[in-house]
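Some notes on the structure that comes next.
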Amino acid sequence: MRMSRRDFIRTLSATGAALSVAACSSSGNGGGSAVRFGYIADYNGASLLAIAEDRGLWKKHGLTAEPKVFVNGPVQIQALRTGNLDYGYIGPGALWLPASGKATIVAVNTLTYADRVIARPGIASIRDLRGKKVGVPEGTSGEMALNLALQQAGMTMKDISKVVMDAPTVVSAFASGQIDGAGIWYPLIDTIKEKVPGMKEVASTEDIPGSTFPTAFVSGAKAKPERDRKVVQVLQEANDWRAAHLKESIALAAKLLKADEAKVAADAEHVKLMTTAELVARTKDGTVDKWLDGMSRFFVRTGQLQKSPAPSSFYAGDLYTKAAAR
């Protein structure tokens, strides 16, 4: 079940559009420039899109939006590259893709600490997974969490039997006992807990001191400046509303996701929100660059990047700060 990274990218190229499903189309925004916007079915990925729709922000900026739900970030980036998507949302585990020139970050979203390595009952530590089957969605934050945990334990991927599978398959495979562990994230872990009550979290991104895991919104590598500016302004306004109305933002995200509000609230507990002013300040003082550089250096160690590029080569910080000034 193991595939090479080259085969993985080829698979995404062939299936990226097929794996996306149109979630809904913005209503009542008629006449504006349409943008196809990808997201993952969690609070990080869905909340700003839900707010923008509810608050009429797309219409305000002369746009309409077609949200599309995807299983992970890498598939969205491939959809951007094949022209099937205009913007998308990615977690920290997919940041190697914009860093390798396959997309441009137009906005940082949140800092997230939702990723875990989990194991079946009776397995108490990462070291206990040596030689065992561990499922992971390749190129995602689940793989990132697994790599980090193995490094902390003085191990590598060679010490486990890595089984590449998409996130929904991880849930079913873990529940049925086909795999012994997984690199995966909340809210999927809550679903797994319901099926395997004795499940053990053997590693967490919350337990890595000094580490920062940004989530982001991305566009294709070729910029469309005026549309990009409008989209970023929508995201910024939705972001500030979310920061001021956490409970309401959870309700709106739950509505978009057709999910239980309590589960979305539990997912949101793993998220650090920042206002647009904070993100502008951290862009200008180089903090965001440090976050992205730290992630790039990690991906060099895992072999996902050959070298760590300058963050300015894949983060449109000027776009973000100028959009906020208007």
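Please note that chains go A, B, ... in the order of the structure tokens, that every chain numbers its residues from 1, and that ligands are numbered from 1 in the order shown.
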Within 8 Å of region 257-279 of chain A, which residues of region 97-184 of chain A come that close, and what is the closest atom pair and distance in Å for each? Count only C-alpha atoms and give it as a Markdown table.
| residue | atom | partner | partner_atom | distance |
| --- | --- | --- | --- | --- |
| A:Val108 | CA | A:Leu279 | CA | 7.5 |
| A:Asn109 | CA | A:Leu273 | CA | 7.8 |
| A:Thr110 | CA | A:Leu273 | CA | 5.3 |
| A:Leu111 | CA | A:Lys272 | CA | 5.0 |
| A:Thr112 | CA | A:Val271 | CA | 4.7 |
| A:Tyr113 | CA | A:His270 | CA | 5.2 |
| A:Ala114 | CA | A:His270 | CA | 5.2 |
Set out as a Markdown table a contact list for region 195-244 of chain A and region 169-189 of chain A with a cut-off of 12 Å, giving each residue of region 195-244 of chain A that qualifies its closest atom pair and distance in Å to one decimal, counting only C-alpha atoms, ordered by chain and rising residue number.
| residue | atom | partner | partner_atom | distance |
| --- | --- | --- | --- | --- |
| A:Lys195 | CA | A:Ala175 | CA | 5.8 |
| A:Val196 | CA | A:Ala175 | CA | 6.1 |
| A:Pro197 | CA | A:Ala175 | CA | 9.9 |
| A:Gly198 | CA | A:Ala175 | CA | 11.0 |
| A:Met199 | CA | A:Gly181 | CA | 9.3 |
| A:Lys200 | CA | A:Gly181 | CA | 9.1 |
| A:Glu201 | CA | A:Ile189 | CA | 9.4 |
| A:Val202 | CA | A:Gly181 | CA | 9.2 |
| A:Ala203 | CA | A:Gly183 | CA | 9.2 |
| A:Ser204 | CA | A:Trp185 | CA | 9.5 |
| A:Thr205 | CA | A:Trp185 | CA | 9.9 |
| A:Glu206 | CA | A:Trp185 | CA | 11.9 |
Selection export as a tab-separated table (two decimals), in the first residue's frame, atoms kept: all heavy atoms:
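The resulting file, out24.tsv, is reproduced below:
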chain	number	residue	atom	x	y	z
A	195	LYS	N	-15.62	4.93	18.19
A	195	LYS	CA	-15.57	3.57	17.68
A	195	LYS	C	-14.60	2.69	18.47
A	195	LYS	O	-14.79	1.48	18.56
A	195	LYS	CB	-15.16	3.59	16.20
A	195	LYS	CG	-16.14	4.35	15.29
A	195	LYS	CD	-15.62	4.43	13.87
A	195	LYS	CE	-16.55	5.22	12.96
A	195	LYS	NZ	-17.84	4.55	12.77
A	196	VAL	N	-13.52	3.32	19.01
A	196	VAL	CA	-12.50	2.58	19.77
A	196	VAL	C	-12.28	3.33	21.09
A	196	VAL	O	-11.35	4.14	21.20
A	196	VAL	CB	-11.18	2.46	18.98
A	196	VAL	CG1	-10.19	1.55	19.72
A	196	VAL	CG2	-11.43	1.93	17.57
A	197	PRO	N	-13.11	3.12	22.09
A	197	PRO	CA	-13.04	3.92	23.32
A	197	PRO	C	-11.69	3.86	24.04
A	197	PRO	O	-11.31	4.82	24.71
A	197	PRO	CB	-14.15	3.29	24.19
A	197	PRO	CG	-15.09	2.67	23.22
A	197	PRO	CD	-14.24	2.18	22.10
A	198	GLY	N	-10.95	2.78	23.89
A	198	GLY	CA	-9.66	2.67	24.58
A	198	GLY	C	-8.49	3.21	23.80
A	198	GLY	O	-7.32	3.01	24.20
A	199	MET	N	-8.75	3.90	22.71
A	199	MET	CA	-7.70	4.50	21.88
A	199	MET	C	-6.76	5.35	22.72
A	199	MET	O	-7.17	6.03	23.65
A	199	MET	CB	-8.36	5.36	20.81
A	199	MET	CG	-7.42	6.04	19.84
A	199	MET	SD	-8.07	7.64	19.32
A	199	MET	CE	-7.53	8.69	20.68
A	200	LYS	N	-5.47	5.33	22.36
A	200	LYS	CA	-4.46	6.07	23.11
A	200	LYS	C	-3.82	7.13	22.24
A	200	LYS	O	-3.43	6.86	21.10
A	200	LYS	CB	-3.39	5.09	23.61
A	200	LYS	CG	-2.19	5.71	24.28
A	200	LYS	CD	-2.50	6.17	25.68
A	200	LYS	CE	-1.22	6.63	26.39
A	200	LYS	NZ	-1.50	7.13	27.75
A	201	GLU	N	-3.73	8.37	22.74
A	201	GLU	CA	-2.93	9.39	22.07
A	201	GLU	C	-1.49	9.25	22.56
A	201	GLU	O	-1.21	9.50	23.74
A	201	GLU	CB	-3.47	10.79	22.39
A	201	GLU	CG	-4.84	11.07	21.80
A	201	GLU	CD	-5.29	12.51	22.03
A	201	GLU	OE1	-4.45	13.35	22.45
A	201	GLU	OE2	-6.48	12.80	21.80
A	202	VAL	N	-0.59	8.87	21.66
A	202	VAL	CA	0.80	8.63	22.08
A	202	VAL	C	1.72	9.79	21.72
A	202	VAL	O	2.88	9.80	22.14
A	202	VAL	CB	1.34	7.31	21.49
A	202	VAL	CG1	0.57	6.12	22.06
A	202	VAL	CG2	1.28	7.30	19.96
A	203	ALA	N	1.23	10.75	20.97
A	203	ALA	CA	2.01	11.96	20.66
A	203	ALA	C	1.06	13.06	20.23
A	203	ALA	O	0.01	12.80	19.64
A	203	ALA	CB	3.03	11.68	19.56
A	204	SER	N	1.44	14.30	20.52
A	204	SER	CA	0.59	15.45	20.23
A	204	SER	C	1.43	16.65	19.85
A	204	SER	O	2.50	16.88	20.43
A	204	SER	CB	-0.26	15.80	21.46
A	204	SER	OG	-0.87	17.07	21.33
A	205	THR	N	0.97	17.42	18.88
A	205	THR	CA	1.67	18.65	18.54
A	205	THR	C	1.58	19.68	19.67
A	205	THR	O	2.38	20.62	19.71
A	205	THR	CB	1.11	19.27	17.24
A	205	THR	OG1	-0.32	19.32	17.31
A	205	THR	CG2	1.50	18.45	16.03
A	206	GLU	N	0.65	19.49	20.59
A	206	GLU	CA	0.57	20.39	21.75
A	206	GLU	C	1.75	20.19	22.69
A	206	GLU	O	2.04	21.07	23.51
A	206	GLU	CB	-0.73	20.14	22.51
A	206	GLU	CG	-1.98	20.63	21.77
A	206	GLU	CD	-3.25	20.43	22.58
A	206	GLU	OE1	-3.27	19.49	23.40
A	206	GLU	OE2	-4.20	21.20	22.37
**Message:** Give me, as a PyMOL selection string, all polymer residues having an atom no more than 8 Å from Gly91 (chain A), counting only C-alpha atoms and skipping those fewer than 5 positions away in the same chain.
**Reply:** chain A and resi 73+140-141+214-216
**Asked** With only C-alpha atoms as the basis for distance, which of A:Lys322, A:Arg55, A:Lys133, A:Lys102 is at the shortest distance from Leu80 (chain A)?
**Response** A:Lys102
**Message:** List as a ChimeraX atom specification the protein and nucleic acid residues near Asp289 (chain A), meaning an atom at most 8 Å away when only C-alpha atoms are counted, but skip any in the same chain fewer than 5 places from it.
**Reply:** /A:283,311-312
Quick one: write out the picked residues with all heavy atoms as an mmCIF file, in the first residue's frame?
data_model
loop_
_atom_site.group_PDB
_atom_site.id
_atom_site.type_symbol
_atom_site.label_atom_id
_atom_site.label_comp_id
_atom_site.auth_asym_id
_atom_site.auth_seq_id
_atom_site.Cartn_x
_atom_site.Cartn_y
_atom_site.Cartn_z
ATOM 1 N N THR A 283 3.372 39.767 10.383
ATOM 2 C CA THR A 283 3.947 39.733 9.034
ATOM 3 C C THR A 283 5.040 40.785 8.911
ATOM 4 O O THR A 283 6.143 40.502 8.421
ATOM 5 C CB THR A 283 2.852 39.976 7.981
ATOM 6 O OG1 THR A 283 1.912 38.896 8.009
ATOM 7 C CG2 THR A 283 3.447 40.074 6.588
ATOM 8 N N PRO A 311 10.709 32.620 2.853
ATOM 9 C CA PRO A 311 9.242 32.676 2.960
ATOM 10 C C PRO A 311 8.600 33.658 1.987
ATOM 11 O O PRO A 311 7.477 33.429 1.527
ATOM 12 C CB PRO A 311 9.028 33.096 4.417
ATOM 13 C CG PRO A 311 10.222 32.546 5.133
ATOM 14 C CD PRO A 311 11.361 32.732 4.162
ATOM 15 N N SER A 312 9.315 34.731 1.652
ATOM 16 C CA SER A 312 8.755 35.721 0.725
ATOM 17 C C SER A 312 8.511 35.142 -0.662
ATOM 18 O O SER A 312 7.765 35.720 -1.459
ATOM 19 C CB SER A 312 9.688 36.928 0.617
ATOM 20 O OG SER A 312 10.971 36.533 0.144
#
**DSSP-assigned strand (DSSP E) members of region 152-307 of chain A, reported as a list in words** = Ser161, Lys162, Val163, Val164, Gly181, Ala182, Gly183, Ile184, Trp185, Lys200, Glu201, Val202, Ala203, Ser204, Pro214, Thr215, Ala216, Phe217, Val218, Ser219, Val271 and Lys272 of chain A
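The coordinates place CA of Lys68 (chain A) at 22.1 Å from CA of Trp241 (chain A).
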**Request:** Apply DSSP to the backbone of this structure and, from region 1-164 of chain A, keep only the residues in alpha helix (DSSP H); write these as a PyMOL selection string.
**Result:** chain A and resi 5-19+43-54+57-60+73-81+96-99+141-152
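Computed from the coordinates, the CA of Leu256 (chain A) to CA of Phe213 (chain A) distance equals 24.6 Å.
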**One-decimal distance in Å that lies between CA of Phe37 (chain A) and CA of Ser308 (chain A)** = 27.9 Å
**Message:** Measuring between only C-alpha atoms, which one of A:Ser313, A:Thr302, A:Gln236, A:Ser249 shows the shortest distance to Thr156 (chain A)?
**Reply:** A:Thr302
Residues of region 146-180 of chain A that approach region 115-128 of chain A to 7 Å or less, counting only C-alpha atoms: could you list each one with the shortest pair of atoms and its distance in Å to one decimal, rows by chain and increasing residue number, as CSV?
residue,atom,partner,partner_atom,distance
A:Leu146,CA,A:Val117,CA,5.9
A:Leu150,CA,A:Ile126,CA,6.9
A:Ala153,CA,A:Arg127,CA,6.8
A:Asp180,CA,A:Arg120,CA,5.6
Can I get the selected residues back with N, CA and C atoms, as a CSV table (one decimal), in the first residue's frame?
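Generated file (part_11.csv):
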chain,number,residue,atom,x,y,z
A,146,LEU,N,3.3,12.6,12.8
A,146,LEU,CA,4.0,11.3,12.9
A,146,LEU,C,5.5,11.4,12.8
A,150,LEU,N,8.2,10.6,15.8
A,150,LEU,CA,9.3,9.6,15.5
A,150,LEU,C,10.6,10.2,15.8
A,153,ALA,N,11.4,10.5,19.4
A,153,ALA,CA,11.7,9.1,20.0
A,153,ALA,C,13.0,8.5,19.5
A,180,ASP,N,-2.5,-0.4,13.4
A,180,ASP,CA,-2.2,-0.3,14.9
A,180,ASP,C,-2.1,1.1,15.4
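Across A:Leu63, A:Leu292, A:Ala325, A:Ile192, the tightest approach to Pro309 (chain A) is made by A:Leu292 when counting only C-alpha atoms.
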Closest-contact table, region 109-165 of chain A side, partner region 94-100 of chain A, 10 Å, counting only C-alpha atoms, as a Markdown table:
| residue | atom | partner | partner_atom | distance |
| --- | --- | --- | --- | --- |
| A:Glu138 | CA | A:Ala94 | CA | 9.3 |
| A:Gly139 | CA | A:Ala94 | CA | 5.7 |
| A:Thr140 | CA | A:Ala94 | CA | 5.1 |
| A:Ser141 | CA | A:Ala94 | CA | 6.6 |
| A:Gly142 | CA | A:Ala94 | CA | 9.7 |
| A:Glu143 | CA | A:Ala94 | CA | 9.4 |
| A:Met144 | CA | A:Ala94 | CA | 8.6 |
